[in-house]
$ cat input.txt   # compact mmCIF, C-alpha atoms
# COMPACT_ATOMS: atom_id res chain seq x y z
CA MET A 28 -10.92 -12.64 -12.79
CA ARG A 29 -9.05 -15.93 -12.80
CA ARG A 30 -5.71 -14.10 -12.98
CA ARG A 31 -6.66 -11.84 -10.07
CA ALA A 32 -7.76 -14.86 -8.02
CA VAL A 33 -4.50 -16.71 -8.67
CA THR A 34 -2.45 -13.68 -7.65
CA SER A 35 -4.53 -13.13 -4.51
CA VAL A 36 -4.11 -16.75 -3.44
CA LEU A 37 -0.35 -16.50 -3.97
CA ILE A 38 -0.09 -13.30 -1.92
CA VAL A 39 -2.17 -14.77 0.91
CA THR A 40 -0.05 -17.92 0.88
CA LEU A 41 3.14 -15.86 1.15
CA GLY A 42 1.93 -13.22 3.59
CA LEU A 43 -0.76 -14.70 5.83
CA PRO A 44 1.56 -16.91 7.95
CA GLY A 45 3.70 -13.87 8.75
CA LEU A 46 0.63 -11.80 9.62
CA ILE A 47 -0.61 -14.50 12.01
CA ILE A 48 2.76 -15.17 13.66
CA GLY A 49 3.71 -11.49 13.90
CA GLY A 50 7.02 -10.24 15.27
CA PRO A 51 10.17 -10.80 13.18
CA VAL A 52 8.36 -13.12 10.76
CA TYR A 53 5.80 -10.47 9.90
CA PHE A 54 8.50 -7.82 9.65
CA LEU A 55 10.37 -10.03 7.18
CA ALA A 56 7.26 -10.50 5.02
CA VAL A 57 6.51 -6.76 4.97
CA ALA A 58 10.17 -5.86 4.34
CA ILE A 59 10.32 -8.25 1.36
CA PHE A 60 7.08 -6.97 -0.17
CA LEU A 61 7.88 -3.30 0.33
CA GLY A 62 11.52 -3.76 -0.64
CA ILE A 63 10.46 -5.29 -3.97
CA ALA A 64 7.82 -2.58 -4.43
CA ALA A 65 10.50 0.06 -3.79
CA TRP A 66 12.70 -1.59 -6.44
CA GLU A 67 9.79 -1.39 -8.88
CA TYR A 68 9.19 2.24 -7.92
CA VAL A 69 12.78 3.06 -8.85
CA ASP A 70 12.31 1.30 -12.19
CA MET A 71 9.28 3.50 -12.86
CA ALA A 72 11.18 6.61 -11.82
CA HIS A 73 14.01 5.73 -14.20
CA SER A 74 11.54 5.15 -17.04
CA SER A 75 10.10 8.59 -16.29
CA GLY A 76 13.52 10.18 -16.66
CA CYS A 77 14.30 10.54 -12.94
CA ARG A 78 17.34 8.64 -11.66
CA ALA A 79 16.23 7.87 -8.13
CA SER A 80 18.97 6.13 -6.17
CA ARG A 81 18.09 2.44 -6.03
CA PRO A 82 20.42 1.53 -3.12
CA LEU A 83 19.21 4.49 -1.11
CA VAL A 84 15.49 3.99 -1.78
CA VAL A 85 15.40 0.21 -1.32
CA GLY A 86 17.84 0.21 1.60
CA GLY A 87 16.18 3.21 3.22
CA VAL A 88 12.71 1.68 2.95
CA VAL A 89 13.86 -1.53 4.63
CA ALA A 90 15.70 0.47 7.33
CA ILE A 91 12.62 2.61 8.06
CA ILE A 92 10.42 -0.49 8.30
CA ALA A 93 12.95 -2.21 10.57
CA THR A 94 13.13 0.71 12.99
CA ARG A 95 9.33 1.04 13.04
CA ALA A 96 9.12 -2.66 13.86
CA PHE A 97 11.77 -2.86 16.58
CA PHE A 98 12.83 0.68 17.58
CA SER A 99 9.76 2.73 16.77
CA ALA A 100 10.96 5.98 18.36
CA GLN A 101 14.05 5.99 16.11
CA SER A 102 12.22 5.61 12.81
CA ILE A 103 11.87 9.35 12.30
CA VAL A 104 15.65 9.65 12.76
CA ILE A 105 16.31 7.10 10.03
CA PHE A 106 13.80 8.77 7.72
CA THR A 107 15.28 12.23 8.31
CA PHE A 108 18.88 11.17 7.73
CA SER A 109 17.84 9.21 4.64
CA ILE A 110 16.53 12.46 3.17
CA LEU A 111 19.78 14.23 3.98
CA LEU A 112 21.75 11.38 2.46
CA ALA A 113 19.62 11.62 -0.67
CA MET A 114 20.47 15.30 -0.95
CA GLY A 115 24.18 14.54 -0.60
CA LEU A 116 24.10 11.79 -3.23
CA HIS A 117 22.25 13.87 -5.79
CA LEU A 118 24.48 16.89 -5.17
CA VAL A 119 27.38 14.69 -6.21
CA GLU A 120 25.44 13.52 -9.26
CA TYR A 121 24.79 17.11 -10.29
CA GLU A 122 28.44 18.01 -9.89
CA ARG A 123 29.27 15.05 -12.14
CA GLY A 124 27.06 16.47 -14.88
CA ARG A 125 23.56 15.20 -14.08
CA ASP A 126 21.42 18.26 -14.90
CA ASN A 127 18.17 16.73 -13.61
CA ALA A 128 19.59 15.89 -10.19
CA THR A 129 16.97 18.04 -8.44
CA PHE A 130 14.14 15.89 -9.83
CA ASP A 131 16.17 12.76 -9.07
CA PHE A 132 16.33 13.92 -5.44
CA PHE A 133 12.56 14.42 -5.28
CA ALA A 134 12.04 10.94 -6.77
CA SER A 135 14.31 9.37 -4.16
CA VAL A 136 12.62 11.17 -1.28
CA GLY A 137 9.20 10.25 -2.68
CA GLY A 138 10.14 6.57 -2.61
CA LEU A 139 11.44 6.82 0.95
CA ALA A 140 8.30 8.61 2.10
CA TYR A 141 5.69 6.55 0.29
CA MET A 142 7.14 3.05 0.43
CA GLY A 143 9.05 3.52 3.69
CA TRP A 144 7.22 5.91 6.00
CA VAL A 145 3.69 5.27 4.74
CA GLY A 146 4.35 1.57 4.11
CA ALA A 147 5.52 1.11 7.70
CA TYR A 148 1.94 1.63 8.89
CA LEU A 149 1.47 -2.01 7.92
CA ILE A 150 3.83 -2.69 10.82
CA ASP A 151 2.12 -0.19 13.14
CA LEU A 152 -1.28 -1.75 12.48
CA ARG A 153 -0.08 -5.25 13.35
CA THR A 154 1.83 -4.20 16.50
CA MET A 155 -1.18 -2.47 18.09
CA PRO A 156 -2.94 -4.27 20.96
CA ASP A 157 -5.09 -6.92 19.27
CA GLY A 158 -3.22 -6.00 16.11
CA LEU A 159 -3.86 -9.32 14.40
CA TRP A 160 -7.61 -8.86 14.74
CA TRP A 161 -7.47 -5.26 13.55
CA SER A 162 -5.29 -6.26 10.59
CA MET A 163 -7.74 -9.03 9.74
CA LEU A 164 -10.47 -6.42 9.67
CA VAL A 165 -8.67 -3.73 7.68
CA LEU A 166 -6.95 -5.77 4.98
CA PRO A 167 -9.82 -8.13 4.06
CA VAL A 168 -12.14 -5.12 3.73
CA VAL A 169 -9.72 -3.73 1.12
CA TRP A 170 -9.41 -7.04 -0.71
CA LEU A 171 -13.15 -7.70 -0.79
CA GLY A 172 -13.97 -4.10 -1.67
CA ASP A 173 -11.56 -4.28 -4.60
CA THR A 174 -13.18 -7.53 -5.69
CA GLY A 175 -16.66 -6.02 -5.52
CA ALA A 176 -15.51 -3.00 -7.52
CA TYR A 177 -13.89 -5.20 -10.15
CA LEU A 178 -16.86 -7.55 -10.57
CA MET A 179 -19.43 -4.79 -10.84
CA GLY A 180 -17.26 -2.49 -12.92
CA SER A 181 -16.22 -5.14 -15.43
CA ARG A 182 -19.79 -6.35 -15.92
CA TYR A 183 -21.95 -3.24 -15.60
CA GLY A 184 -19.56 -0.29 -15.70
CA THR A 185 -20.33 2.26 -18.40
CA HIS A 186 -19.38 5.63 -16.92
CA LYS A 187 -15.62 6.09 -16.94
CA MET A 188 -14.18 7.47 -13.74
CA THR A 189 -10.60 8.36 -14.65
CA PRO A 190 -10.07 8.02 -18.42
CA ARG A 191 -6.43 9.16 -18.32
CA LEU A 192 -5.23 7.39 -15.20
CA SER A 193 -7.13 4.11 -15.43
CA PRO A 194 -9.49 3.86 -18.42
CA LYS A 195 -11.15 0.66 -17.18
CA LYS A 196 -12.28 2.16 -13.87
CA THR A 197 -15.94 3.17 -13.77
CA TRP A 198 -18.18 4.98 -11.32
CA GLU A 199 -20.33 1.86 -11.08
CA GLY A 200 -17.31 -0.13 -9.92
CA PHE A 201 -16.25 2.63 -7.54
CA TRP A 202 -19.58 2.74 -5.73
CA ALA A 203 -19.81 -1.05 -5.72
CA GLY A 204 -16.43 -1.11 -3.95
CA ALA A 205 -17.63 1.42 -1.37
CA ILE A 206 -20.83 -0.50 -0.67
CA THR A 207 -18.98 -3.83 -0.51
CA GLY A 208 -16.49 -2.26 1.90
CA ALA A 209 -19.33 -1.01 4.13
CA LEU A 210 -21.02 -4.43 4.17
CA MET A 211 -17.78 -6.26 4.90
CA GLY A 212 -16.72 -3.74 7.54
CA GLY A 213 -20.02 -4.19 9.35
CA PHE A 214 -19.79 -7.97 9.06
CA PHE A 215 -16.26 -8.21 10.45
CA ALA A 216 -17.07 -5.76 13.25
CA PHE A 217 -19.98 -7.97 14.28
CA ALA A 218 -18.04 -11.24 13.93
CA TYR A 219 -14.93 -10.09 15.77
CA SER A 220 -16.97 -8.52 18.56
CA GLN A 221 -18.98 -11.73 19.01
CA TRP A 222 -16.16 -14.25 18.69
CA GLY A 223 -13.05 -12.15 19.17
CA PRO A 224 -11.61 -9.46 21.44
CA LEU A 225 -12.76 -6.40 19.50
CA HIS A 226 -15.58 -4.17 20.70
CA LEU A 227 -16.59 -2.35 17.56
CA PRO A 228 -20.25 -1.49 16.86
CA VAL A 229 -21.52 -2.73 13.53
CA TRP A 230 -22.25 0.81 12.35
CA GLU A 231 -18.66 1.89 13.05
CA GLY A 232 -17.33 -1.09 11.15
CA ALA A 233 -19.63 -0.27 8.24
CA LEU A 234 -18.58 3.38 8.33
CA PHE A 235 -14.94 2.38 8.31
CA GLY A 236 -15.50 -0.04 5.42
CA PHE A 237 -17.28 2.67 3.44
CA MET A 238 -14.39 5.08 4.08
CA ILE A 239 -11.92 2.42 2.92
CA GLY A 240 -13.98 1.83 -0.21
CA ILE A 241 -14.09 5.56 -0.97
CA LEU A 242 -10.44 6.44 -0.30
CA THR A 243 -8.20 3.46 -1.04
CA PRO A 244 -8.86 3.65 -4.81
CA LEU A 245 -6.69 6.76 -4.66
CA GLY A 246 -3.75 4.48 -3.86
CA ASP A 247 -4.51 2.41 -6.94
CA LEU A 248 -4.87 5.54 -9.07
CA GLY A 249 -1.66 6.98 -7.66
CA GLU A 250 0.24 3.91 -8.76
CA SER A 251 -1.46 4.17 -12.15
CA MET A 252 -0.18 7.73 -12.38
CA PHE A 253 3.38 6.48 -11.82
CA LYS A 254 2.95 3.84 -14.51
CA ARG A 255 1.41 6.22 -17.03
CA GLN A 256 4.23 8.68 -16.47
CA ALA A 257 6.75 5.86 -16.97
CA GLY A 258 4.96 4.36 -19.98
CA MET A 259 4.63 1.00 -18.20
CA LYS A 260 1.67 -1.38 -18.11
CA ASP A 261 2.70 -3.04 -14.83
CA SER A 262 5.06 -2.02 -12.06
CA GLY A 263 7.03 -5.23 -12.53
CA ASN A 264 6.82 -8.95 -13.24
CA PHE A 265 7.17 -10.46 -9.78
CA PHE A 266 3.94 -12.35 -10.44
CA PRO A 267 4.53 -13.45 -14.05
CA GLY A 268 1.58 -12.42 -16.16
CA HIS A 269 -0.06 -10.70 -13.18
CA GLY A 270 2.10 -7.63 -12.61
CA GLY A 271 4.41 -6.50 -9.84
CA VAL A 272 4.25 -6.24 -6.08
CA PHE A 273 3.44 -2.52 -6.20
CA ASP A 274 0.46 -3.35 -8.42
CA ARG A 275 -0.89 -5.58 -5.68
CA ILE A 276 -0.25 -3.47 -2.56
CA ASP A 277 -1.06 0.02 -3.82
CA SER A 278 -4.37 0.09 -1.92
CA TRP A 279 -2.89 -1.56 1.17
CA LEU A 280 -0.65 1.44 1.80
CA TRP A 281 -3.64 3.74 2.14
CA ALA A 282 -5.67 1.17 4.05
CA ALA A 283 -2.98 0.68 6.69
CA VAL A 284 -2.78 4.41 7.42
CA LEU A 285 -6.55 4.94 7.39
CA GLY A 286 -7.13 1.84 9.50
CA TYR A 287 -4.49 2.74 12.05
CA TYR A 288 -5.83 6.24 12.69
CA PHE A 289 -9.46 5.13 12.61
CA ILE A 290 -8.66 2.66 15.38
CA VAL A 291 -6.62 5.17 17.40
CA TRP A 292 -9.08 8.05 17.12
CA PHE A 293 -12.49 6.36 17.02
CA ALA A 294 -12.45 2.65 17.81
CA ARG A 295 -10.52 2.35 21.06

$ encode --input "input.txt" --output "structure tokens"
Amino acid sequence: MRRRAVTSVLIVTLGLPGLIIGGPVYFLAVAIFLGIAAWEYVDMAHSSGCRASRPLVVGGVVAIIATRAFFSAQSIVIFTFSILLAMGLHLVEYERGRDNATFDFFASVGGLAYMGWVGAYLIDLRTMPDGLWWSMLVLPVVWLGDTGAYLMGSRYGTHKMTPRLSPKKTWEGFWAGAITGALMGGFFAFAYSQWGPLHLPVWEGALFGFMIGILTPLGDLGESMFKRQAGMKDSGNFFPGHGGVFDRIDSWLWAAVLGYYFIVWFAR
């Protein structure tokens, strides 16, 4: 728990000022985090036997995030041409003797899509009207839900949830995370409606928090799948002794998408 707390404090220290200030500062913080996570993703792909293109994946992810931040309508263009460029690069690799170039191509496109296109919802969430408030609802619900799941699972968990993907995860921890998410979602909805600009009923906030608690563990498990396939314990060593950036933001990627569309479809 101490290690998780130290890592969380470090991430908040690095990222919270950018989240509050917004604009180019926030873009820079997100681009750094997702750029490093993309680098780690390529490392995992290489360890799995797929030679994803590091320059293409890392550069493409940053380019997609940049266009979503400043030229939103053009982001799909960048994403599309990045896929075509990936095809061109891996065609050349095949012609040079790389027999697994097809799988390399899929690995490159997967990085562009997951880290770039999906990751850019962290930008979309912050640039919405009242985006700071919405971000400060969505992201803390994830953090606190994860904490609730960890505390309950590590102390009382006995029924394994995913023995192959993440042997330490238990159903007790899973449901504790969902309940914690619901409680925190309801609390933040009440607090931000009373003392902030949001107008979100407590029950909607609780429903959203419960949904976050149910679904965002899939992001964590997805990253575990990558690591198991690669034979790696952590995605990297950006936080020495605490893992990589991808290890820390795996649930955020799902939360940003779920939060964005919950707000657009139900909460506005």

$ atom_distance --input "input.txt" --atom1 "atom CA of Gly208 of chain A" --atom2 "atom CA of Pro244 of chain A"
11.8 Å

$ residues_around --input "input.txt" --residues "segment 247-252 of chain A" --least-positions-apart "4" --cutoff "9 Å" --atoms "only C-alpha atoms" --output "PDB file with C-alpha atoms, in the coordinates of the input"
ATOM      1  CA  THR A 189     -10.600   8.360 -14.650  1.00  0.00           C
ATOM      2  CA  ARG A 191      -6.430   9.160 -18.320  1.00  0.00           C
ATOM      3  CA  LEU A 192      -5.230   7.390 -15.200  1.00  0.00           C
ATOM      4  CA  SER A 193      -7.130   4.110 -15.430  1.00  0.00           C
ATOM      5  CA  THR A 243      -8.200   3.460  -1.040  1.00  0.00           C
ATOM      6  CA  GLN A 256       4.230   8.680 -16.470  1.00  0.00           C
ATOM      7  CA  ALA A 257       6.750   5.860 -16.970  1.00  0.00           C
ATOM      8  CA  LYS A 260       1.670  -1.380 -18.110  1.00  0.00           C
ATOM      9  CA  ASP A 261       2.700  -3.040 -14.830  1.00  0.00           C
ATOM     10  CA  SER A 262       5.060  -2.020 -12.060  1.00  0.00           C
ATOM     11  CA  PHE A 273       3.440  -2.520  -6.200  1.00  0.00           C
ATOM     12  CA  ASP A 274       0.460  -3.350  -8.420  1.00  0.00           C
ATOM     13  CA  ARG A 275      -0.890  -5.580  -5.680  1.00  0.00           C
ATOM     14  CA  ILE A 276      -0.250  -3.470  -2.560  1.00  0.00           C
ATOM     15  CA  ASP A 277      -1.060   0.020  -3.820  1.00  0.00           C
ATOM     16  CA  SER A 278      -4.370   0.090  -1.920  1.00  0.00           C
TER      17      SER A 278
END

$ residues_around --input "input.txt" --residues "Gly258 of chain A" --least-positions-apart "4" --cutoff "10 Å" --atoms "only C-alpha atoms" --output "ChimeraX atom specification"
/A:71,74-75,252-254

$ closest_residue --input "input.txt" --among "A:Trp279, A:Phe215, A:Gly158, A:Gly172" --to "Leu61 of chain A" --atoms "all atoms listed in the file"
A:Trp279

$ residues_around --input "input.txt" --residues "segment 148-150 of chain A" --least-positions-apart "5" --cutoff "8 Å" --atoms "all atoms listed in the file" --output "ChimeraX atom specification"
/A:54,57,92,95-96,280,283-284,287

$ residues_around --input "input.txt" --residues "segment 77-88 of chain A" --least-positions-apart "3" --cutoff "7 Å" --atoms "all atoms listed in the file" --output "PyMOL selection string"
chain A and resi 62+65-66+69+72-73+91-92+109+130-132+134-135+138-139+142-143

$ atom_distance --input "input.txt" --atom1 "atom CA of Leu242 of chain A" --atom2 "atom CA of Trp281 of chain A"
7.7 Å

$ closest_residue --input "input.txt" --among "A:Ala203, A:Ala93, A:Phe289, A:Leu43" --to "Thr174 of chain A" --atoms "all atoms listed in the file"
A:Ala203

$ axis_aligned_box --input "input.txt" --around "segment 209-228 of chain A" --padding-each-side "8 Å" --output "JSON"
{"center_x": -16.3, "center_y": -7.6, "center_z": 12.8, "size_x": 25.4, "size_y": 29.2, "size_z": 33.3}

$ atom_distance --input "input.txt" --atom1 "atom CA of Thr185 of chain A" --atom2 "atom CA of Ala205 of chain A"
17.3 Å

$ decode --input "input.txt" --residues "segment 188-295 of chain A" --atoms "C-alpha atoms" --output "PDB file, in the first residue's frame"
ATOM      1  CA  MET A 188     -11.381 -13.348 -10.408  1.00  0.00           C
ATOM      2  CA  THR A 189      -8.884 -13.799 -13.243  1.00  0.00           C
ATOM      3  CA  PRO A 190      -6.262 -16.409 -12.288  1.00  0.00           C
ATOM      4  CA  ARG A 191      -4.415 -16.206 -15.620  1.00  0.00           C
ATOM      5  CA  LEU A 192      -4.488 -12.475 -16.234  1.00  0.00           C
ATOM      6  CA  SER A 193      -4.057 -11.127 -12.716  1.00  0.00           C
ATOM      7  CA  PRO A 194      -3.858 -13.813 -10.009  1.00  0.00           C
ATOM      8  CA  LYS A 195      -4.130 -11.324  -7.133  1.00  0.00           C
ATOM      9  CA  LYS A 196      -7.465  -9.897  -8.283  1.00  0.00           C
ATOM     10  CA  THR A 197     -10.478 -11.212  -6.385  1.00  0.00           C
ATOM     11  CA  TRP A 198     -14.231 -10.873  -6.694  1.00  0.00           C
ATOM     12  CA  GLU A 199     -14.310  -9.315  -3.229  1.00  0.00           C
ATOM     13  CA  GLY A 200     -11.962  -6.575  -4.416  1.00  0.00           C
ATOM     14  CA  PHE A 201     -13.906  -6.133  -7.644  1.00  0.00           C
ATOM     15  CA  TRP A 202     -17.216  -5.521  -5.900  1.00  0.00           C
ATOM     16  CA  ALA A 203     -15.544  -3.312  -3.294  1.00  0.00           C
ATOM     17  CA  GLY A 204     -14.228  -1.169  -6.151  1.00  0.00           C
ATOM     18  CA  ALA A 205     -17.695  -0.932  -7.706  1.00  0.00           C
ATOM     19  CA  ILE A 206     -19.323   0.050  -4.407  1.00  0.00           C
ATOM     20  CA  THR A 207     -16.558   2.549  -3.616  1.00  0.00           C
ATOM     21  CA  GLY A 208     -16.982   4.031  -7.087  1.00  0.00           C
ATOM     22  CA  ALA A 209     -20.737   4.406  -6.547  1.00  0.00           C
ATOM     23  CA  LEU A 210     -20.256   6.093  -3.161  1.00  0.00           C
ATOM     24  CA  MET A 211     -17.596   8.450  -4.478  1.00  0.00           C
ATOM     25  CA  GLY A 212     -19.572   9.238  -7.629  1.00  0.00           C
ATOM     26  CA  GLY A 213     -22.590  10.186  -5.544  1.00  0.00           C
ATOM     27  CA  PHE A 214     -20.449  12.248  -3.180  1.00  0.00           C
ATOM     28  CA  PHE A 215     -18.728  14.236  -5.920  1.00  0.00           C
ATOM     29  CA  ALA A 216     -22.022  14.789  -7.752  1.00  0.00           C
ATOM     30  CA  PHE A 217     -23.490  16.257  -4.572  1.00  0.00           C
ATOM     31  CA  ALA A 218     -20.413  18.339  -3.724  1.00  0.00           C
ATOM     32  CA  TYR A 219     -19.890  19.768  -7.200  1.00  0.00           C
ATOM     33  CA  SER A 220     -23.586  20.557  -7.597  1.00  0.00           C
ATOM     34  CA  GLN A 221     -23.645  22.364  -4.233  1.00  0.00           C
ATOM     35  CA  TRP A 222     -20.351  24.229  -4.502  1.00  0.00           C
ATOM     36  CA  GLY A 223     -19.531  24.044  -8.192  1.00  0.00           C
ATOM     37  CA  PRO A 224     -21.123  24.529 -11.615  1.00  0.00           C
ATOM     38  CA  LEU A 225     -22.297  20.955 -12.210  1.00  0.00           C
ATOM     39  CA  HIS A 226     -25.943  19.951 -12.014  1.00  0.00           C
ATOM     40  CA  LEU A 227     -25.748  16.217 -11.552  1.00  0.00           C
ATOM     41  CA  PRO A 228     -28.241  14.361  -9.324  1.00  0.00           C
ATOM     42  CA  VAL A 229     -26.641  12.236  -6.658  1.00  0.00           C
ATOM     43  CA  TRP A 230     -28.186   9.063  -8.076  1.00  0.00           C
ATOM     44  CA  GLU A 231     -26.671   9.760 -11.510  1.00  0.00           C
ATOM     45  CA  GLY A 232     -23.276  10.338  -9.966  1.00  0.00           C
ATOM     46  CA  ALA A 233     -23.603   7.089  -8.021  1.00  0.00           C
ATOM     47  CA  LEU A 234     -24.701   5.223 -11.145  1.00  0.00           C
ATOM     48  CA  PHE A 235     -21.748   6.603 -13.058  1.00  0.00           C
ATOM     49  CA  GLY A 236     -19.345   5.670 -10.249  1.00  0.00           C
ATOM     50  CA  PHE A 237     -20.750   2.144 -10.170  1.00  0.00           C
ATOM     51  CA  MET A 238     -20.316   1.845 -13.948  1.00  0.00           C
ATOM     52  CA  ILE A 239     -16.721   3.059 -13.626  1.00  0.00           C
ATOM     53  CA  GLY A 240     -16.075   0.529 -10.876  1.00  0.00           C
ATOM     54  CA  ILE A 241     -17.525  -2.293 -12.985  1.00  0.00           C
ATOM     55  CA  LEU A 242     -15.871  -1.491 -16.324  1.00  0.00           C
ATOM     56  CA  THR A 243     -12.503   0.185 -15.757  1.00  0.00           C
ATOM     57  CA  PRO A 244     -10.936  -2.998 -14.310  1.00  0.00           C
ATOM     58  CA  LEU A 245     -11.055  -4.241 -17.900  1.00  0.00           C
ATOM     59  CA  GLY A 246      -8.422  -1.627 -18.726  1.00  0.00           C
ATOM     60  CA  ASP A 247      -6.215  -2.958 -15.954  1.00  0.00           C
ATOM     61  CA  LEU A 248      -6.775  -6.541 -17.098  1.00  0.00           C
ATOM     62  CA  GLY A 249      -6.096  -5.595 -20.698  1.00  0.00           C
ATOM     63  CA  GLU A 250      -2.714  -4.219 -19.738  1.00  0.00           C
ATOM     64  CA  SER A 251      -2.091  -7.377 -17.707  1.00  0.00           C
ATOM     65  CA  MET A 252      -2.819  -9.381 -20.846  1.00  0.00           C
ATOM     66  CA  PHE A 253      -0.130  -7.433 -22.714  1.00  0.00           C
ATOM     67  CA  LYS A 254       2.357  -8.052 -19.913  1.00  0.00           C
ATOM     68  CA  ARG A 255       1.579 -11.746 -19.621  1.00  0.00           C
ATOM     69  CA  GLN A 256       1.984 -12.150 -23.368  1.00  0.00           C
ATOM     70  CA  ALA A 257       5.317 -10.316 -23.172  1.00  0.00           C
ATOM     71  CA  GLY A 258       6.513 -12.158 -20.060  1.00  0.00           C
ATOM     72  CA  MET A 259       6.924  -8.866 -18.180  1.00  0.00           C
ATOM     73  CA  LYS A 260       6.029  -8.033 -14.583  1.00  0.00           C
ATOM     74  CA  ASP A 261       5.683  -4.277 -15.199  1.00  0.00           C
ATOM     75  CA  SER A 262       5.242  -2.217 -18.331  1.00  0.00           C
ATOM     76  CA  GLY A 263       8.382  -0.253 -17.510  1.00  0.00           C
ATOM     77  CA  ASN A 264      10.433   1.353 -14.756  1.00  0.00           C
ATOM     78  CA  PHE A 265       9.466   5.005 -15.044  1.00  0.00           C
ATOM     79  CA  PHE A 266       8.565   4.911 -11.349  1.00  0.00           C
ATOM     80  CA  PRO A 267      11.515   2.882 -10.000  1.00  0.00           C
ATOM     81  CA  GLY A 268      10.206   0.000  -7.965  1.00  0.00           C
ATOM     82  CA  HIS A 269       6.601   0.924  -8.790  1.00  0.00           C
ATOM     83  CA  GLY A 270       6.261   0.025 -12.468  1.00  0.00           C
ATOM     84  CA  GLY A 271       5.728   2.014 -15.634  1.00  0.00           C
ATOM     85  CA  VAL A 272       3.389   4.743 -16.796  1.00  0.00           C
ATOM     86  CA  PHE A 273       1.113   2.271 -18.594  1.00  0.00           C
ATOM     87  CA  ASP A 274       0.745   0.389 -15.306  1.00  0.00           C
ATOM     88  CA  ARG A 275      -0.619   3.539 -13.718  1.00  0.00           C
ATOM     89  CA  ILE A 276      -2.943   4.848 -16.444  1.00  0.00           C
ATOM     90  CA  ASP A 277      -4.476   1.622 -17.756  1.00  0.00           C
ATOM     91  CA  SER A 278      -7.807   2.332 -16.027  1.00  0.00           C
ATOM     92  CA  TRP A 279      -7.730   6.037 -16.915  1.00  0.00           C
ATOM     93  CA  LEU A 280      -8.023   5.237 -20.608  1.00  0.00           C
ATOM     94  CA  TRP A 281     -11.336   3.486 -20.086  1.00  0.00           C
ATOM     95  CA  ALA A 282     -12.540   6.045 -17.558  1.00  0.00           C
ATOM     96  CA  ALA A 283     -11.955   8.974 -19.912  1.00  0.00           C
ATOM     97  CA  VAL A 284     -14.032   7.369 -22.678  1.00  0.00           C
ATOM     98  CA  LEU A 285     -16.813   6.215 -20.353  1.00  0.00           C
ATOM     99  CA  GLY A 286     -16.884   9.556 -18.560  1.00  0.00           C
ATOM    100  CA  TYR A 287     -16.962  11.578 -21.757  1.00  0.00           C
ATOM    101  CA  TYR A 288     -19.919   9.713 -23.253  1.00  0.00           C
ATOM    102  CA  PHE A 289     -21.787   9.514 -19.961  1.00  0.00           C
ATOM    103  CA  ILE A 290     -21.600  13.298 -19.741  1.00  0.00           C
ATOM    104  CA  VAL A 291     -22.563  13.829 -23.397  1.00  0.00           C
ATOM    105  CA  TRP A 292     -25.454  11.367 -23.432  1.00  0.00           C
ATOM    106  CA  PHE A 293     -26.891  11.539 -19.911  1.00  0.00           C
ATOM    107  CA  ALA A 294     -25.507  14.355 -17.776  1.00  0.00           C
ATOM    108  CA  ARG A 295     -25.880  17.482 -19.900  1.00  0.00           C
TER     109      ARG A 295
END
